[in-house]
Amino acid sequence: MLPALAFPAPPSTGTPAMTPSAPPPHPAAPVPADDALERVARLCARLFPGSVSLLYDAGDPAAPVASAPAALSLRGMCLRAAESASPLIAPDAAADPTLDGMAEVLAAGIRACAAVPLLADGEPLGALAVGLPGPGAWAPDAVDAVHDLAGVAAAELAARRARACHDTAHASSTGLFRALVEQSLAAIYVIQDGVYRYVNPHVYQMLGFPPGWFDTPRSALDIIHEDDRPMVQENLRRRVDGEVPSMQYRVRGRRYDGSTVFLEVHGSRAEIDGRPAVIGIAIDVTRREMAEREREHALLARDRFYAMISHELRTPVSAVMLYNDLLSSGVYDPLSDEQRDAVERSQKSARHLLDLINDLLDLAKLDAGKLETRLADLDVAQEVEGVVAGLAPLAAEHGCPVSVQVDDPPLRATGDPRRVQQILLNLLSNAVKFGHGHPIEVNCRREGGGVVVQVADHGPGIGPDDLERIFDDFVQVGEPGVGTGLGLPIARRLAELQGGSLTVSSREGEGSTFRLILPIAVPPVAPSTGFSPAFSSVIIR
């Protein structure tokens, strides 16, 4: 849309009025679009026979468009019209000494002249001046013709400046993005028609190829390990055909020296020059891959070690406990009080060792994703009361009365009864051991979509820095030598494996509260909560 242009009409004089002549029957020779200002100058010559014209661009004052050398004498009028943003009309340059530069105009053989500013949104962009060899008043039609030509010229200058600003901004943004791409620490590439159309410098650095190697069209599979090429080719086809917009996967690449590099690749479909292409990034994850493999080997070695412990230690410990039971029962000979006390201490130590072995085996199965749970509908209150009854002697020994409160029984949930009992046994035995003779409260209730079992003691409590550490393997907080540091980590993982959770809140000097939440609905098969993502723990219904 052309900018709005408004010019005041000049005052009338008593001299003969000049009017624009009719255009000739044949149009002027075509002028290229980027020479639109020259077209305006030619139109001036056609409308005002014998005239000269000057188009002055304030943005480029050194390159005015003049229809003839004499037109350059109108530069002063153009400057004044542009600076004042108002037209200047001179019926006779010789009779108007107030105008600057009239001597130069007269010397060029010009008597009548008019200069109109080129305005765009009120901003002067330049001026158009027309000069005639004889004096005379400017008729309204003549002034209107100059105004119209000035409007065309102003629109062209405004469009040129807008294009220049756009080109500058485009060049700036293009340079910015190119700098970002070429300085990126990730390899960035473009694949089209099965070959690399562009790679950034990091591709050369990561793969060790000599400079310019990708300047020659290279197949997208040239840098891929031979065994992974079918997979990569299929992934490229699916994106190019539009089956999937993007993909992320790990692939083995080939360095220039033939060595293997592991790459994490993410690529998306794009349209370039009207044809499908894939734009992607690749990150060298070789160190991560090697670390994961070393960790996997370490886990396998640990599992073998745990299996050895199970076979080599649990069997003799069980035999020791059997003989302790036989001695205590008096099968061989009655025991004295001192002998019976020694046998009971031996039995207690053996039981502690057996518990440690069982915890290690459970931990290994959880980490490997091989621990089975058999879900069933159960009454949580009954499970709690059964565990509390079994721990009554231990609680009495430590002087810790245990109270159980059940809101709105029965409280039915979904879980593995054996594993739920294992969790509750750990929570309650810890409360007794660290309760220091204070009461222990157990509360069971419905909450949200599950059943909550809350075990609260009034022992020394847990510091804020240790609240999450107690769920780490082999971490013991509080009294040294009490427990193995595996009970709580195993209890939390068992709760999560059944679709529940185990959390703790505590204040030092006031005690701790553990919250076990079990779901009412059957949870989906969950991935292992251990380290290896290659296996899943099994939930059997």
# chains A, B, ... in the order shown; residues from 1 in each chain; ligands from 1
>>> select_by_dssp(residues="region 417-515 of chain A", states="alpha helix (DSSP H)", output="MDAnalysis selection string")
chainID A and resid 417:434 487:497
>>> select_by_dssp(residues="region 46-269 of chain A", states="strand (DSSP E)", output="ChimeraX atom specification")
/A:52-57,65-66,88-90,112-120,123-132,137-138,187-192,195-199,246-254,260-269
>>> closest_residue(among="A:Ala291, A:Val190, A:Val265, A:Ala66", to="Leu37 (chain A)", atoms="only C-alpha atoms")
A:Ala66
>>> closest_residue(among="A:Leu125, A:Leu427, A:Leu411, A:Ile462", to="Cys78 (chain A)", atoms="only C-alpha atoms")
A:Leu125
>>> closest_residue(among="A:Gly136, A:Gly194, A:Ala154, A:Gln422", to="Glu123 (chain A)", atoms="only C-alpha atoms")
A:Ala154
>>> residues_around(residues="Gly109 (chain A)", least_positions_apart="4", cutoff="12 Å", atoms="only C-alpha atoms", output="MDAnalysis selection string")
chainID A and resid 50:52 69:74 92:94 102:105 113 131:135
>>> residues_around(residues="region 273-287 of chain A", least_positions_apart="2", cutoff="7 Å", atoms="only C-alpha atoms", output="ChimeraX atom specification")
/A:186-192,240,261-271,289-291
>>> closest_residue(among="A:Ile423, A:Ala413, A:Val181, A:Leu428", to="Pro401 (chain A)", atoms="only C-alpha atoms")
A:Leu428
>>> closest_residue(among="A:Leu118, A:Val442, A:Ala431, A:Ala364", to="His458 (chain A)", atoms="only C-alpha atoms")
A:Ala431
>>> atom_distance(atom1="CA of Lys365 (chain A)", atom2="CA of Val384 (chain A)")
25.4 Å
>>> residues_around(residues="Gln339 (chain A)", least_positions_apart="5", cutoff="10 Å", atoms="only C-alpha atoms", output="list of chain:residue names")
A:Leu327, A:Ser328, A:Pro334, A:Glu344, A:Arg345
>>> write_last_selection(atoms="all heavy atoms", output="PDB file, in the first residue's frame")
ATOM      1  N   LEU A 327      20.675 -78.321  70.797  1.00  0.00           N
ATOM      2  CA  LEU A 327      21.296 -78.153  72.115  1.00  0.00           C
ATOM      3  C   LEU A 327      20.322 -77.531  73.108  1.00  0.00           C
ATOM      4  O   LEU A 327      20.232 -77.945  74.267  1.00  0.00           O
ATOM      5  CB  LEU A 327      22.544 -77.282  71.986  1.00  0.00           C
ATOM      6  CG  LEU A 327      23.752 -77.923  71.288  1.00  0.00           C
ATOM      7  CD1 LEU A 327      24.849 -76.896  71.093  1.00  0.00           C
ATOM      8  CD2 LEU A 327      24.299 -79.100  72.140  1.00  0.00           C
ATOM      9  N   SER A 328      19.584 -76.530  72.665  1.00  0.00           N
ATOM     10  CA  SER A 328      18.650 -75.851  73.562  1.00  0.00           C
ATOM     11  C   SER A 328      17.511 -76.760  73.992  1.00  0.00           C
ATOM     12  O   SER A 328      16.965 -76.607  75.098  1.00  0.00           O
ATOM     13  CB  SER A 328      18.068 -74.605  72.871  1.00  0.00           C
ATOM     14  OG  SER A 328      19.088 -73.687  72.562  1.00  0.00           O
ATOM     15  N   PRO A 334      21.155 -82.140  79.292  1.00  0.00           N
ATOM     16  CA  PRO A 334      20.646 -80.860  79.809  1.00  0.00           C
ATOM     17  C   PRO A 334      21.769 -79.841  79.914  1.00  0.00           C
ATOM     18  O   PRO A 334      22.907 -80.176  80.223  1.00  0.00           O
ATOM     19  CB  PRO A 334      20.080 -81.227  81.182  1.00  0.00           C
ATOM     20  CG  PRO A 334      19.819 -82.704  81.095  1.00  0.00           C
ATOM     21  CD  PRO A 334      20.874 -83.269  80.200  1.00  0.00           C
ATOM     22  N   GLU A 344      22.133 -69.446  73.298  1.00  0.00           N
ATOM     23  CA  GLU A 344      21.189 -68.431  72.829  1.00  0.00           C
ATOM     24  C   GLU A 344      21.909 -67.275  72.136  1.00  0.00           C
ATOM     25  O   GLU A 344      21.422 -66.738  71.127  1.00  0.00           O
ATOM     26  CB  GLU A 344      20.372 -67.914  74.013  1.00  0.00           C
ATOM     27  CG  GLU A 344      19.362 -68.948  74.526  1.00  0.00           C
ATOM     28  CD  GLU A 344      18.601 -68.424  75.733  1.00  0.00           C
ATOM     29  OE1 GLU A 344      18.946 -67.316  76.213  1.00  0.00           O
ATOM     30  OE2 GLU A 344      17.675 -69.122  76.199  1.00  0.00           O
ATOM     31  N   ARG A 345      23.095 -66.874  72.658  1.00  0.00           N
ATOM     32  CA  ARG A 345      23.860 -65.824  71.994  1.00  0.00           C
ATOM     33  C   ARG A 345      24.340 -66.287  70.623  1.00  0.00           C
ATOM     34  O   ARG A 345      24.328 -65.523  69.648  1.00  0.00           O
ATOM     35  CB  ARG A 345      25.048 -65.395  72.852  1.00  0.00           C
ATOM     36  CG  ARG A 345      24.653 -64.591  74.084  1.00  0.00           C
ATOM     37  CD  ARG A 345      25.852 -63.847  74.664  1.00  0.00           C
ATOM     38  NE  ARG A 345      26.923 -64.753  75.021  1.00  0.00           N
ATOM     39  CZ  ARG A 345      27.062 -65.317  76.221  1.00  0.00           C
ATOM     40  NH1 ARG A 345      26.166 -65.058  77.185  1.00  0.00           N
ATOM     41  NH2 ARG A 345      28.061 -66.129  76.481  1.00  0.00           N
TER      42      ARG A 345
END
>>> atom_distance(atom1="CA of Ile357 (chain A)", atom2="CA of Leu313 (chain A)")
7.8 Å
>>> residues_around(residues="region 318-321 of chain A", least_positions_apart="6", cutoff="8 Å", atoms="only C-alpha atoms", output="PyMOL selection string")
chain A and resi 347+350-351+354
>>> write_last_selection(atoms="N, CA, C and O atoms", output="PDB file, in the first residue's frame")
ATOM      1  N   GLN A 347      22.846 -68.509  68.766  1.00  0.00           N
ATOM      2  CA  GLN A 347      21.673 -68.573  67.895  1.00  0.00           C
ATOM      3  C   GLN A 347      21.276 -67.179  67.420  1.00  0.00           C
ATOM      4  O   GLN A 347      20.903 -66.985  66.248  1.00  0.00           O
ATOM      5  N   ALA A 350      23.725 -66.134  64.731  1.00  0.00           N
ATOM      6  CA  ALA A 350      23.489 -66.878  63.496  1.00  0.00           C
ATOM      7  C   ALA A 350      22.247 -66.356  62.785  1.00  0.00           C
ATOM      8  O   ALA A 350      22.216 -66.229  61.551  1.00  0.00           O
ATOM      9  N   ARG A 351      21.215 -66.031  63.571  1.00  0.00           N
ATOM     10  CA  ARG A 351      19.989 -65.501  62.959  1.00  0.00           C
ATOM     11  C   ARG A 351      20.269 -64.136  62.302  1.00  0.00           C
ATOM     12  O   ARG A 351      19.741 -63.846  61.225  1.00  0.00           O
ATOM     13  N   LEU A 354      22.021 -64.785  59.083  1.00  0.00           N
ATOM     14  CA  LEU A 354      21.098 -65.300  58.074  1.00  0.00           C
ATOM     15  C   LEU A 354      20.223 -64.180  57.523  1.00  0.00           C
ATOM     16  O   LEU A 354      19.947 -64.139  56.309  1.00  0.00           O
TER      17      LEU A 354
END
>>> atom_distance(atom1="CA of Glu292 (chain A)", atom2="CA of Arg252 (chain A)")
15.1 Å
>>> closest_residue(among="A:Tyr204, A:Gly487, A:Val455, A:Arg492", to="Arg515 (chain A)", atoms="only C-alpha atoms")
A:Val455
>>> residues_around(residues="region 147-152 of chain A", least_positions_apart="6", cutoff="12 Å", atoms="only C-alpha atoms", output="VMD selection string")
chain A and resid 1 to 10 36 to 47 53 to 57 78 81 to 82 86 to 88 114 to 121 124 to 130 140 to 141 158 to 159
>>> decode(residues="region 237-248 of chain A", atoms="all heavy atoms", output="PDB file, in the first residue's frame")
ATOM      1  N   ARG A 237      14.320 -43.953   5.830  1.00  0.00           N
ATOM      2  CA  ARG A 237      13.179 -44.131   4.914  1.00  0.00           C
ATOM      3  C   ARG A 237      11.868 -43.759   5.604  1.00  0.00           C
ATOM      4  O   ARG A 237      11.013 -43.066   5.017  1.00  0.00           O
ATOM      5  CB  ARG A 237      13.115 -45.572   4.432  1.00  0.00           C
ATOM      6  CG  ARG A 237      11.983 -45.818   3.420  1.00  0.00           C
ATOM      7  CD  ARG A 237      11.641 -47.290   3.315  1.00  0.00           C
ATOM      8  NE  ARG A 237      11.099 -47.807   4.572  1.00  0.00           N
ATOM      9  CZ  ARG A 237       9.853 -47.605   4.990  1.00  0.00           C
ATOM     10  NH1 ARG A 237       9.007 -46.877   4.278  1.00  0.00           N
ATOM     11  NH2 ARG A 237       9.434 -48.118   6.133  1.00  0.00           N
ATOM     12  N   ARG A 238      11.700 -44.168   6.844  1.00  0.00           N
ATOM     13  CA  ARG A 238      10.442 -43.912   7.549  1.00  0.00           C
ATOM     14  C   ARG A 238      10.214 -42.408   7.749  1.00  0.00           C
ATOM     15  O   ARG A 238       9.087 -41.929   7.655  1.00  0.00           O
ATOM     16  CB  ARG A 238      10.444 -44.622   8.901  1.00  0.00           C
ATOM     17  CG  ARG A 238      10.440 -46.143   8.791  1.00  0.00           C
ATOM     18  CD  ARG A 238      10.361 -46.779  10.162  1.00  0.00           C
ATOM     19  NE  ARG A 238       9.094 -46.437  10.811  1.00  0.00           N
ATOM     20  CZ  ARG A 238       8.839 -46.624  12.094  1.00  0.00           C
ATOM     21  NH1 ARG A 238       9.794 -47.136  12.895  1.00  0.00           N
ATOM     22  NH2 ARG A 238       7.678 -46.292  12.613  1.00  0.00           N
ATOM     23  N   ARG A 239      11.292 -41.677   8.003  1.00  0.00           N
ATOM     24  CA  ARG A 239      11.132 -40.226   8.170  1.00  0.00           C
ATOM     25  C   ARG A 239      10.916 -39.525   6.830  1.00  0.00           C
ATOM     26  O   ARG A 239      10.073 -38.634   6.708  1.00  0.00           O
ATOM     27  CB  ARG A 239      12.349 -39.654   8.899  1.00  0.00           C
ATOM     28  CG  ARG A 239      12.296 -39.877  10.406  1.00  0.00           C
ATOM     29  CD  ARG A 239      13.586 -39.516  11.065  1.00  0.00           C
ATOM     30  NE  ARG A 239      14.627 -40.484  10.753  1.00  0.00           N
ATOM     31  CZ  ARG A 239      15.883 -40.389  11.193  1.00  0.00           C
ATOM     32  NH1 ARG A 239      16.250 -39.358  11.928  1.00  0.00           N
ATOM     33  NH2 ARG A 239      16.769 -41.309  10.888  1.00  0.00           N
ATOM     34  N   VAL A 240      11.678 -39.916   5.832  1.00  0.00           N
ATOM     35  CA  VAL A 240      11.516 -39.281   4.517  1.00  0.00           C
ATOM     36  C   VAL A 240      10.127 -39.552   3.956  1.00  0.00           C
ATOM     37  O   VAL A 240       9.495 -38.672   3.348  1.00  0.00           O
ATOM     38  CB  VAL A 240      12.607 -39.789   3.551  1.00  0.00           C
ATOM     39  CG1 VAL A 240      12.304 -39.354   2.118  1.00  0.00           C
ATOM     40  CG2 VAL A 240      13.973 -39.265   3.973  1.00  0.00           C
ATOM     41  N   ASP A 241       9.593 -40.765   4.168  1.00  0.00           N
ATOM     42  CA  ASP A 241       8.253 -41.108   3.673  1.00  0.00           C
ATOM     43  C   ASP A 241       7.146 -40.531   4.534  1.00  0.00           C
ATOM     44  O   ASP A 241       5.966 -40.686   4.200  1.00  0.00           O
ATOM     45  CB  ASP A 241       8.103 -42.635   3.597  1.00  0.00           C
ATOM     46  CG  ASP A 241       8.984 -43.246   2.519  1.00  0.00           C
ATOM     47  OD1 ASP A 241       9.533 -42.475   1.707  1.00  0.00           O
ATOM     48  OD2 ASP A 241       9.136 -44.482   2.493  1.00  0.00           O
ATOM     49  N   GLY A 242       7.508 -39.900   5.652  1.00  0.00           N
ATOM     50  CA  GLY A 242       6.487 -39.274   6.495  1.00  0.00           C
ATOM     51  C   GLY A 242       5.805 -40.221   7.463  1.00  0.00           C
ATOM     52  O   GLY A 242       4.793 -39.847   8.061  1.00  0.00           O
ATOM     53  N   GLU A 243       6.323 -41.446   7.645  1.00  0.00           N
ATOM     54  CA  GLU A 243       5.706 -42.368   8.603  1.00  0.00           C
ATOM     55  C   GLU A 243       5.860 -41.863  10.027  1.00  0.00           C
ATOM     56  O   GLU A 243       4.952 -42.010  10.854  1.00  0.00           O
ATOM     57  CB  GLU A 243       6.327 -43.764   8.456  1.00  0.00           C
ATOM     58  CG  GLU A 243       6.028 -44.442   7.136  1.00  0.00           C
ATOM     59  CD  GLU A 243       6.632 -45.837   7.070  1.00  0.00           C
ATOM     60  OE1 GLU A 243       7.061 -46.343   8.130  1.00  0.00           O
ATOM     61  OE2 GLU A 243       6.663 -46.422   5.974  1.00  0.00           O
ATOM     62  N   VAL A 244       7.014 -41.289  10.343  1.00  0.00           N
ATOM     63  CA  VAL A 244       7.256 -40.696  11.660  1.00  0.00           C
ATOM     64  C   VAL A 244       7.946 -39.352  11.439  1.00  0.00           C
ATOM     65  O   VAL A 244       8.777 -39.214  10.535  1.00  0.00           O
ATOM     66  CB  VAL A 244       8.128 -41.605  12.555  1.00  0.00           C
ATOM     67  CG1 VAL A 244       7.387 -42.861  12.945  1.00  0.00           C
ATOM     68  CG2 VAL A 244       9.435 -41.968  11.853  1.00  0.00           C
ATOM     69  N   PRO A 245       7.623 -38.345  12.253  1.00  0.00           N
ATOM     70  CA  PRO A 245       8.247 -37.031  12.043  1.00  0.00           C
ATOM     71  C   PRO A 245       9.683 -36.965  12.555  1.00  0.00           C
ATOM     72  O   PRO A 245      10.503 -36.215  12.026  1.00  0.00           O
ATOM     73  CB  PRO A 245       7.339 -36.078  12.828  1.00  0.00           C
ATOM     74  CG  PRO A 245       6.722 -36.950  13.891  1.00  0.00           C
ATOM     75  CD  PRO A 245       6.574 -38.303  13.279  1.00  0.00           C
ATOM     76  N   SER A 246       9.996 -37.726  13.599  1.00  0.00           N
ATOM     77  CA  SER A 246      11.341 -37.668  14.175  1.00  0.00           C
ATOM     78  C   SER A 246      11.661 -38.990  14.845  1.00  0.00           C
ATOM     79  O   SER A 246      10.768 -39.793  15.136  1.00  0.00           O
ATOM     80  CB  SER A 246      11.463 -36.514  15.183  1.00  0.00           C
ATOM     81  OG  SER A 246      10.575 -36.709  16.268  1.00  0.00           O
ATOM     82  N   MET A 247      12.953 -39.199  15.100  1.00  0.00           N
ATOM     83  CA  MET A 247      13.422 -40.433  15.739  1.00  0.00           C
ATOM     84  C   MET A 247      14.640 -40.126  16.593  1.00  0.00           C
ATOM     85  O   MET A 247      15.407 -39.206  16.295  1.00  0.00           O
ATOM     86  CB  MET A 247      13.817 -41.479  14.690  1.00  0.00           C
ATOM     87  CG  MET A 247      12.721 -42.400  14.251  1.00  0.00           C
ATOM     88  SD  MET A 247      13.408 -43.746  13.249  1.00  0.00           S
ATOM     89  CE  MET A 247      11.913 -44.630  12.867  1.00  0.00           C
ATOM     90  N   GLN A 248      14.792 -40.930  17.648  1.00  0.00           N
ATOM     91  CA  GLN A 248      15.992 -40.853  18.468  1.00  0.00           C
ATOM     92  C   GLN A 248      16.439 -42.280  18.766  1.00  0.00           C
ATOM     93  O   GLN A 248      15.639 -43.108  19.218  1.00  0.00           O
ATOM     94  CB  GLN A 248      15.723 -40.091  19.777  1.00  0.00           C
ATOM     95  CG  GLN A 248      16.961 -39.958  20.652  1.00  0.00           C
ATOM     96  CD  GLN A 248      16.735 -39.054  21.842  1.00  0.00           C
ATOM     97  OE1 GLN A 248      15.708 -38.388  21.946  1.00  0.00           O
ATOM     98  NE2 GLN A 248      17.682 -39.026  22.742  1.00  0.00           N
TER      99      GLN A 248
END
